[in-house]
There are 2 protein chains.
Amino acid sequence: MASLPTNEVEVEARPLQLYSCTVRPEWVDYNGHLRDAYYGLIFSLATDALMDHLGLDAAGRARHGGTLYTLESHACYLLELHEGAAVRVHTQLIAHDEKRLHVHHALWADELGAPAAVGECLLLHVATAGSPRATALPAPVMDAVQRLGRAHARLPAPPHVGRAVGLQRKARVAA
Amino acid sequence: MASLPTNEVEVEARPLQLYSCTVRPEWVDYNGHLRDAYYGLIFSLATDALMDHLGLDAAGRARHGGTLYTLESHACYLLELHEGAAVRVHTQLIAHDEKRLHVHHALWADELGAPAAVGECLLLHVATAGSPRATALPAPVMDAVQRLGRAHARLPAPPHVGRAVGLQRKARVAA
């Protein structure tokens with residue numbers, strides 16, 4: 001049987017694991033835990049790893065003349081993390097269109113049985129020649145996004161997706 | 001006319017300006033702009049400044065045996081910021097209850113006529129003796145929160161409040 005063309009290889013229906021690190025001492029705040037913004041830095045670095053995975057590493061950005069900008073993000077901080085904790089990010093593509101990706105990250109620590117935080121971001125493809133302008137993803141990147149999207153469409157939506165900040169938490173989640 | 005007791009002094013109906021800084025070189029990413037997570041760090045440091053303002057500085061935290069944890073956050077990244085940009089945060093209390101604060105930050109840069117980013121966070125008061133547990137704000141802090149809340153209730157809600165990440169942006173904003 002002939003093998004499939006490379007860009008038709010099936011992607012497994014499980015979150016990507018592209019980024020891991022250790023909680024650094026300078027990321028810990030006066031409460032003795034990882035500061036909220038550094039959960040965000042770990043998610044941001046995991047988004048960089050996703051860009052590399054999809055062909056938008058430095059070479060791909062130069063070749064295609066485009067990059068991703070973050071438009072929006074949301075995070076829930078669920079468990080405390082301490083200096084030295086080994087953490088890894090599980091990344092799931094929630095949705096995409098021709099220019100945008102909606103990405104979900106879950107931050108796992110070896111010693112915890114549940115995510116320490118979850119985050120979402122909305123990423124926009126921007127052409128970098130001249131003034132930055134939103135533009136369609138280049139074809140090879142779009143191929144990779146579509147294959148990942150087909151695989152991740154078979155995963156359940158993570159529970160915090162689409163959540164908004166507010167005191168009326170149940171009402172917001174239900175909206 | 002007798003002067004009001006100190007804790008009855010009226011708070012002005014305008015956002016607080018408690019934190020400013022300059023964009024550091026190590027906060028800039030490969031796109032040549034402030035990395036998303038470092039907008040978050042600036043908002044996080046502005047939240048620290050709000051805690052100081054409300055009497056939950058290091059001395060207050062020790063005296064009351066409590067601190068604030070961030071439960072959740074959301075941000076919209078609106079304009080690019082470059083190394084060396086002088087930025088300041090405008091902070092508005094959106095809502096509160098006996099244990100929680102919903103806070104909105106807007107990040108302004110001197111050279112821009114609109115916010116470069118806006119962020120929201122949900123903060124929970126936690127007693128730190130023994131295992132951390134959610135507990136009511138101590139009375140002097142609650143007095144300061146209530147005065148600020150009465151003043152900021154006279155301000156319009158910022159346009160991005162309550163927004164959720166998603167591709168269906170208009171539908172989400174309307175929800």
# chains A, B, ... in the order shown; residues from 1 in each chain; ligands from 1

$ residues_around --residues "Leu56 in chain B" --least-positions-apart "6" --cutoff "9 Å" --atoms "only C-alpha atoms" --output "count of residues only"
8

$ calpha_fit_and_write --fixed "chain A" --moving "chain B" --output "PDB file with C-alpha atoms, in the first residue's frame"
ATOM      1  CA  MET B   1      -0.497   0.115  -0.094  1.00  0.00           C
ATOM      2  CA  ALA B   2       1.011   3.449  -1.050  1.00  0.00           C
ATOM      3  CA  SER B   3       1.995   5.649   1.854  1.00  0.00           C
ATOM      4  CA  LEU B   4       0.093   8.856   2.348  1.00  0.00           C
ATOM      5  CA  PRO B   5       1.754  12.126   1.334  1.00  0.00           C
ATOM      6  CA  THR B   6       3.569  13.634   4.309  1.00  0.00           C
ATOM      7  CA  ASN B   7       0.999  16.336   4.854  1.00  0.00           C
ATOM      8  CA  GLU B   8      -1.725  13.694   5.178  1.00  0.00           C
ATOM      9  CA  VAL B   9      -0.104  11.838   8.064  1.00  0.00           C
ATOM     10  CA  GLU B  10      -2.712  11.564  10.753  1.00  0.00           C
ATOM     11  CA  VAL B  11      -2.149  13.565  13.923  1.00  0.00           C
ATOM     12  CA  GLU B  12      -3.002  11.797  17.162  1.00  0.00           C
ATOM     13  CA  ALA B  13      -6.076  12.981  19.048  1.00  0.00           C
ATOM     14  CA  ARG B  14      -4.264  14.058  22.194  1.00  0.00           C
ATOM     15  CA  PRO B  15      -2.902  17.397  23.416  1.00  0.00           C
ATOM     16  CA  LEU B  16       0.572  18.331  22.233  1.00  0.00           C
ATOM     17  CA  GLN B  17       3.374  18.316  24.797  1.00  0.00           C
ATOM     18  CA  LEU B  18       5.890  20.766  23.392  1.00  0.00           C
ATOM     19  CA  TYR B  19       7.137  22.763  26.369  1.00  0.00           C
ATOM     20  CA  SER B  20       8.401  22.013  29.856  1.00  0.00           C
ATOM     21  CA  CYS B  21      10.496  23.946  32.372  1.00  0.00           C
ATOM     22  CA  THR B  22      11.298  24.342  36.063  1.00  0.00           C
ATOM     23  CA  VAL B  23       9.854  27.145  38.217  1.00  0.00           C
ATOM     24  CA  ARG B  24      12.672  29.658  38.696  1.00  0.00           C
ATOM     25  CA  PRO B  25      13.312  31.469  42.000  1.00  0.00           C
ATOM     26  CA  GLU B  26      12.740  34.892  40.400  1.00  0.00           C
ATOM     27  CA  TRP B  27       9.218  33.807  39.319  1.00  0.00           C
ATOM     28  CA  VAL B  28       8.069  33.363  42.945  1.00  0.00           C
ATOM     29  CA  ASP B  29       6.301  36.263  44.679  1.00  0.00           C
ATOM     30  CA  TYR B  30       5.863  37.380  48.297  1.00  0.00           C
ATOM     31  CA  ASN B  31       3.199  34.680  48.792  1.00  0.00           C
ATOM     32  CA  GLY B  32       5.921  32.065  48.192  1.00  0.00           C
ATOM     33  CA  HIS B  33       4.277  30.775  44.989  1.00  0.00           C
ATOM     34  CA  LEU B  34       4.678  31.195  41.269  1.00  0.00           C
ATOM     35  CA  ARG B  35       3.392  34.739  40.489  1.00  0.00           C
ATOM     36  CA  ASP B  36       0.305  34.861  38.234  1.00  0.00           C
ATOM     37  CA  ALA B  37       2.194  36.598  35.430  1.00  0.00           C
ATOM     38  CA  TYR B  38       4.775  33.805  35.279  1.00  0.00           C
ATOM     39  CA  TYR B  39       2.136  31.160  34.729  1.00  0.00           C
ATOM     40  CA  GLY B  40       1.422  33.464  31.769  1.00  0.00           C
ATOM     41  CA  LEU B  41       5.071  33.457  30.728  1.00  0.00           C
ATOM     42  CA  ILE B  42       5.111  29.643  30.722  1.00  0.00           C
ATOM     43  CA  PHE B  43       1.971  29.642  28.534  1.00  0.00           C
ATOM     44  CA  SER B  44       3.584  32.267  26.260  1.00  0.00           C
ATOM     45  CA  LEU B  45       6.697  30.107  25.837  1.00  0.00           C
ATOM     46  CA  ALA B  46       4.442  27.118  25.126  1.00  0.00           C
ATOM     47  CA  THR B  47       2.804  29.193  22.379  1.00  0.00           C
ATOM     48  CA  ASP B  48       6.285  29.833  20.938  1.00  0.00           C
ATOM     49  CA  ALA B  49       6.835  26.053  20.949  1.00  0.00           C
ATOM     50  CA  LEU B  50       3.516  25.587  19.118  1.00  0.00           C
ATOM     51  CA  MET B  51       4.641  28.136  16.516  1.00  0.00           C
ATOM     52  CA  ASP B  52       7.865  26.148  16.013  1.00  0.00           C
ATOM     53  CA  HIS B  53       5.797  22.956  15.690  1.00  0.00           C
ATOM     54  CA  LEU B  54       3.558  24.514  13.022  1.00  0.00           C
ATOM     55  CA  GLY B  55       6.488  25.841  10.946  1.00  0.00           C
ATOM     56  CA  LEU B  56       6.519  29.402  12.291  1.00  0.00           C
ATOM     57  CA  ASP B  57       9.913  29.120  13.960  1.00  0.00           C
ATOM     58  CA  ALA B  58      12.463  31.863  13.186  1.00  0.00           C
ATOM     59  CA  ALA B  59      13.296  30.352   9.773  1.00  0.00           C
ATOM     60  CA  GLY B  60       9.606  29.933   8.902  1.00  0.00           C
ATOM     61  CA  ARG B  61       8.742  33.452   9.984  1.00  0.00           C
ATOM     62  CA  ALA B  62      11.540  34.807   7.771  1.00  0.00           C
ATOM     63  CA  ARG B  63      10.559  32.606   4.817  1.00  0.00           C
ATOM     64  CA  HIS B  64       6.857  33.428   4.975  1.00  0.00           C
ATOM     65  CA  GLY B  65       7.227  37.064   6.094  1.00  0.00           C
ATOM     66  CA  GLY B  66       4.715  36.549   8.877  1.00  0.00           C
ATOM     67  CA  THR B  67       4.350  35.897  12.574  1.00  0.00           C
ATOM     68  CA  LEU B  68       1.633  35.458  15.203  1.00  0.00           C
ATOM     69  CA  TYR B  69       0.446  38.221  17.533  1.00  0.00           C
ATOM     70  CA  THR B  70      -1.490  37.453  20.701  1.00  0.00           C
ATOM     71  CA  LEU B  71      -4.787  39.368  20.647  1.00  0.00           C
ATOM     72  CA  GLU B  72      -6.307  38.134  23.881  1.00  0.00           C
ATOM     73  CA  SER B  73      -5.693  35.709  26.740  1.00  0.00           C
ATOM     74  CA  HIS B  74      -7.455  34.233  29.764  1.00  0.00           C
ATOM     75  CA  ALA B  75      -6.140  32.124  32.633  1.00  0.00           C
ATOM     76  CA  CYS B  76      -7.428  30.341  35.718  1.00  0.00           C
ATOM     77  CA  TYR B  77      -4.904  29.770  38.522  1.00  0.00           C
ATOM     78  CA  LEU B  78      -5.929  26.525  40.186  1.00  0.00           C
ATOM     79  CA  LEU B  79      -3.098  25.246  42.375  1.00  0.00           C
ATOM     80  CA  GLU B  80      -0.022  26.802  43.947  1.00  0.00           C
ATOM     81  CA  LEU B  81       3.379  26.057  42.444  1.00  0.00           C
ATOM     82  CA  HIS B  82       6.670  26.463  44.265  1.00  0.00           C
ATOM     83  CA  GLU B  83      10.255  27.159  43.229  1.00  0.00           C
ATOM     84  CA  GLY B  84      11.846  24.179  41.540  1.00  0.00           C
ATOM     85  CA  ALA B  85       8.576  22.532  40.463  1.00  0.00           C
ATOM     86  CA  ALA B  86       8.978  20.651  37.156  1.00  0.00           C
ATOM     87  CA  VAL B  87       6.075  21.651  34.908  1.00  0.00           C
ATOM     88  CA  ARG B  88       4.917  20.769  31.408  1.00  0.00           C
ATOM     89  CA  VAL B  89       2.270  22.266  29.171  1.00  0.00           C
ATOM     90  CA  HIS B  90      -0.421  20.296  27.312  1.00  0.00           C
ATOM     91  CA  THR B  91      -1.629  22.273  24.300  1.00  0.00           C
ATOM     92  CA  GLN B  92      -4.923  21.850  22.471  1.00  0.00           C
ATOM     93  CA  LEU B  93      -6.143  23.683  19.362  1.00  0.00           C
ATOM     94  CA  ILE B  94      -9.729  24.684  20.109  1.00  0.00           C
ATOM     95  CA  ALA B  95     -10.620  26.407  16.827  1.00  0.00           C
ATOM     96  CA  HIS B  96      -9.121  28.237  13.885  1.00  0.00           C
ATOM     97  CA  ASP B  97      -9.999  30.204  10.793  1.00  0.00           C
ATOM     98  CA  GLU B  98      -7.811  31.412   7.922  1.00  0.00           C
ATOM     99  CA  LYS B  99      -5.948  33.939  10.112  1.00  0.00           C
ATOM    100  CA  ARG B 100      -6.568  33.039  13.751  1.00  0.00           C
ATOM    101  CA  LEU B 101      -5.925  30.229  16.249  1.00  0.00           C
ATOM    102  CA  HIS B 102      -7.744  29.692  19.544  1.00  0.00           C
ATOM    103  CA  VAL B 103      -5.334  27.700  21.698  1.00  0.00           C
ATOM    104  CA  HIS B 104      -5.767  26.123  25.150  1.00  0.00           C
ATOM    105  CA  HIS B 105      -2.854  25.336  27.463  1.00  0.00           C
ATOM    106  CA  ALA B 106      -2.964  23.257  30.654  1.00  0.00           C
ATOM    107  CA  LEU B 107      -0.023  23.453  33.044  1.00  0.00           C
ATOM    108  CA  TRP B 108       0.789  20.167  34.748  1.00  0.00           C
ATOM    109  CA  ALA B 109       3.320  19.590  37.513  1.00  0.00           C
ATOM    110  CA  ASP B 110       4.790  16.164  38.166  1.00  0.00           C
ATOM    111  CA  GLU B 111       3.606  16.031  41.770  1.00  0.00           C
ATOM    112  CA  LEU B 112       0.021  17.183  41.119  1.00  0.00           C
ATOM    113  CA  GLY B 113      -2.867  15.101  39.827  1.00  0.00           C
ATOM    114  CA  ALA B 114      -4.651  18.033  38.184  1.00  0.00           C
ATOM    115  CA  PRO B 115      -3.606  21.101  36.180  1.00  0.00           C
ATOM    116  CA  ALA B 116      -2.077  23.919  38.252  1.00  0.00           C
ATOM    117  CA  ALA B 117      -3.465  26.427  35.755  1.00  0.00           C
ATOM    118  CA  VAL B 118      -5.235  26.605  32.423  1.00  0.00           C
ATOM    119  CA  GLY B 119      -4.961  29.330  29.823  1.00  0.00           C
ATOM    120  CA  GLU B 120      -6.430  30.276  26.496  1.00  0.00           C
ATOM    121  CA  CYS B 121      -5.125  32.640  23.865  1.00  0.00           C
ATOM    122  CA  LEU B 122      -6.287  34.034  20.560  1.00  0.00           C
ATOM    123  CA  LEU B 123      -3.469  34.346  18.017  1.00  0.00           C
ATOM    124  CA  LEU B 124      -3.555  36.353  14.777  1.00  0.00           C
ATOM    125  CA  HIS B 125      -1.297  35.841  11.767  1.00  0.00           C
ATOM    126  CA  VAL B 126       0.334  39.140  10.770  1.00  0.00           C
ATOM    127  CA  ALA B 127       2.427  39.909   7.682  1.00  0.00           C
ATOM    128  CA  THR B 128       5.559  41.710   8.783  1.00  0.00           C
ATOM    129  CA  ALA B 129       6.667  43.400   5.547  1.00  0.00           C
ATOM    130  CA  GLY B 130       5.895  47.124   5.885  1.00  0.00           C
ATOM    131  CA  SER B 131       3.200  47.972   8.437  1.00  0.00           C
ATOM    132  CA  PRO B 132       1.945  44.853  10.230  1.00  0.00           C
ATOM    133  CA  ARG B 133      -1.380  43.653   8.767  1.00  0.00           C
ATOM    134  CA  ALA B 134      -3.552  40.629   9.447  1.00  0.00           C
ATOM    135  CA  THR B 135      -3.286  38.092   6.654  1.00  0.00           C
ATOM    136  CA  ALA B 136      -4.100  34.437   5.950  1.00  0.00           C
ATOM    137  CA  LEU B 137      -1.720  31.807   7.290  1.00  0.00           C
ATOM    138  CA  PRO B 138       0.766  30.600   4.645  1.00  0.00           C
ATOM    139  CA  ALA B 139      -0.296  27.339   2.979  1.00  0.00           C
ATOM    140  CA  PRO B 140       2.193  24.939   4.652  1.00  0.00           C
ATOM    141  CA  VAL B 141       1.344  26.342   8.076  1.00  0.00           C
ATOM    142  CA  MET B 142      -2.381  26.163   7.323  1.00  0.00           C
ATOM    143  CA  ASP B 143      -1.944  22.504   6.321  1.00  0.00           C
ATOM    144  CA  ALA B 144      -0.349  21.755   9.697  1.00  0.00           C
ATOM    145  CA  VAL B 145      -3.052  23.737  11.520  1.00  0.00           C
ATOM    146  CA  GLN B 146      -5.817  21.883   9.710  1.00  0.00           C
ATOM    147  CA  ARG B 147      -4.325  18.468  10.478  1.00  0.00           C
ATOM    148  CA  LEU B 148      -3.972  19.409  14.130  1.00  0.00           C
ATOM    149  CA  GLY B 149      -7.482  20.862  14.144  1.00  0.00           C
ATOM    150  CA  ARG B 150      -8.993  17.658  12.731  1.00  0.00           C
ATOM    151  CA  ALA B 151      -7.259  15.599  15.437  1.00  0.00           C
ATOM    152  CA  HIS B 152      -8.097  17.925  18.303  1.00  0.00           C
ATOM    153  CA  ALA B 153     -11.731  18.201  17.196  1.00  0.00           C
ATOM    154  CA  ARG B 154     -12.016  14.643  18.541  1.00  0.00           C
ATOM    155  CA  LEU B 155     -11.008  15.776  22.051  1.00  0.00           C
ATOM    156  CA  PRO B 156     -13.527  17.098  24.585  1.00  0.00           C
ATOM    157  CA  ALA B 157     -13.488  20.862  25.141  1.00  0.00           C
ATOM    158  CA  PRO B 158     -11.516  21.665  28.314  1.00  0.00           C
ATOM    159  CA  PRO B 159     -13.835  22.810  31.125  1.00  0.00           C
ATOM    160  CA  HIS B 160     -12.650  26.428  31.410  1.00  0.00           C
ATOM    161  CA  VAL B 161     -12.869  27.336  27.714  1.00  0.00           C
ATOM    162  CA  GLY B 162     -14.766  30.543  26.963  1.00  0.00           C
ATOM    163  CA  ARG B 163     -14.884  31.660  30.578  1.00  0.00           C
ATOM    164  CA  ALA B 164     -14.997  35.369  31.512  1.00  0.00           C
ATOM    165  CA  VAL B 165     -13.749  37.113  34.675  1.00  0.00           C
ATOM    166  CA  GLY B 166     -16.517  38.142  37.072  1.00  0.00           C
ATOM    167  CA  LEU B 167     -18.003  37.651  40.522  1.00  0.00           C
ATOM    168  CA  GLN B 168     -21.055  35.834  39.092  1.00  0.00           C
ATOM    169  CA  ARG B 169     -18.917  32.810  38.306  1.00  0.00           C
ATOM    170  CA  LYS B 170     -21.599  30.222  37.662  1.00  0.00           C
ATOM    171  CA  ALA B 171     -23.619  32.540  35.461  1.00  0.00           C
ATOM    172  CA  ARG B 172     -20.521  33.446  33.469  1.00  0.00           C
ATOM    173  CA  VAL B 173     -19.507  29.844  32.943  1.00  0.00           C
ATOM    174  CA  ALA B 174     -23.011  28.957  31.810  1.00  0.00           C
ATOM    175  CA  ALA B 175     -23.151  31.862  29.324  1.00  0.00           C
TER     176      ALA B 175
END

$ select_by_dssp --residues "range 22-174 of chain B" --states "alpha helix (DSSP H)" --output "PyMOL selection string"
chain B and resi 36-53+58-64+139-152+169-174

$ select_by_dssp --residues "chain B" --states "strand (DSSP E or B)" --output "ChimeraX atom specification"
/B:16-22,28,34,66-77,86-96,100-109,117-127,133-134

$ decode --residues "range 106-118 of chain A" --atoms "all heavy atoms" --output "compact mmCIF listing (two decimals), in the first residue's frame"
# COMPACT_ATOMS: atom_id res chain seq x y z
N ALA A 106 -2.80 23.69 29.26
CA ALA A 106 -2.97 23.24 30.65
C ALA A 106 -1.58 22.99 31.22
O ALA A 106 -0.74 22.35 30.57
CB ALA A 106 -3.80 21.96 30.71
N LEU A 107 -1.33 23.53 32.40
CA LEU A 107 -0.01 23.45 33.04
C LEU A 107 -0.04 22.34 34.08
O LEU A 107 -0.78 22.44 35.08
CB LEU A 107 0.31 24.79 33.69
CG LEU A 107 1.66 24.92 34.39
CD1 LEU A 107 2.79 24.71 33.40
CD2 LEU A 107 1.78 26.28 35.05
N TRP A 108 0.73 21.31 33.84
CA TRP A 108 0.79 20.16 34.74
C TRP A 108 2.13 20.16 35.47
O TRP A 108 3.16 20.48 34.88
CB TRP A 108 0.66 18.85 33.95
CG TRP A 108 -0.72 18.63 33.40
CD1 TRP A 108 -1.23 19.16 32.25
CD2 TRP A 108 -1.76 17.85 33.98
NE1 TRP A 108 -2.53 18.74 32.08
CE2 TRP A 108 -2.88 17.93 33.13
CE3 TRP A 108 -1.85 17.07 35.15
CZ2 TRP A 108 -4.09 17.28 33.39
CZ3 TRP A 108 -3.05 16.42 35.40
CH2 TRP A 108 -4.15 16.52 34.55
N ALA A 109 2.08 19.75 36.74
CA ALA A 109 3.32 19.57 37.50
C ALA A 109 3.40 18.09 37.88
O ALA A 109 2.37 17.45 38.12
CB ALA A 109 3.30 20.43 38.76
N ASP A 110 4.62 17.58 37.95
CA ASP A 110 4.78 16.14 38.16
C ASP A 110 4.08 15.66 39.42
O ASP A 110 3.51 14.58 39.44
CB ASP A 110 6.28 15.81 38.25
CG ASP A 110 6.93 15.86 36.87
OD1 ASP A 110 6.19 15.79 35.87
OD2 ASP A 110 8.15 15.97 36.81
N GLU A 111 4.12 16.49 40.47
CA GLU A 111 3.62 16.00 41.75
C GLU A 111 2.12 16.22 41.95
O GLU A 111 1.57 15.84 42.98
CB GLU A 111 4.41 16.62 42.92
CG GLU A 111 4.13 18.09 43.17
CD GLU A 111 5.08 19.01 42.40
OE1 GLU A 111 5.49 18.67 41.28
OE2 GLU A 111 5.38 20.09 42.94
N LEU A 112 1.45 16.82 40.98
CA LEU A 112 0.03 17.15 41.12
C LEU A 112 -0.80 16.28 40.18
O LEU A 112 -0.40 15.99 39.06
CB LEU A 112 -0.21 18.62 40.79
CG LEU A 112 0.56 19.65 41.64
CD1 LEU A 112 0.34 21.06 41.09
CD2 LEU A 112 0.14 19.57 43.10
N GLY A 113 -1.99 15.92 40.63
CA GLY A 113 -2.86 15.08 39.82
C GLY A 113 -3.87 15.85 39.00
O GLY A 113 -4.79 15.26 38.42
N ALA A 114 -3.72 17.16 38.95
CA ALA A 114 -4.65 18.02 38.19
C ALA A 114 -3.86 19.21 37.68
O ALA A 114 -2.78 19.52 38.22
CB ALA A 114 -5.80 18.48 39.10
N PRO A 115 -4.36 19.92 36.67
CA PRO A 115 -3.59 21.09 36.19
C PRO A 115 -3.45 22.16 37.27
O PRO A 115 -4.40 22.41 38.03
CB PRO A 115 -4.45 21.62 35.02
CG PRO A 115 -5.29 20.48 34.60
CD PRO A 115 -5.56 19.68 35.85
N ALA A 116 -2.30 22.79 37.33
CA ALA A 116 -2.07 23.91 38.25
C ALA A 116 -2.64 25.20 37.69
O ALA A 116 -2.89 26.16 38.44
CB ALA A 116 -0.57 24.07 38.51
N ALA A 117 -2.84 25.25 36.39
CA ALA A 117 -3.45 26.42 35.75
C ALA A 117 -3.88 26.02 34.35
O ALA A 117 -3.35 25.06 33.77
CB ALA A 117 -2.46 27.58 35.67
N VAL A 118 -4.84 26.75 33.83
CA VAL A 118 -5.23 26.59 32.42
C VAL A 118 -5.27 27.98 31.80
O VAL A 118 -5.57 28.97 32.47
CB VAL A 118 -6.59 25.89 32.27
CG1 VAL A 118 -6.50 24.42 32.69
CG2 VAL A 118 -7.70 26.61 33.03
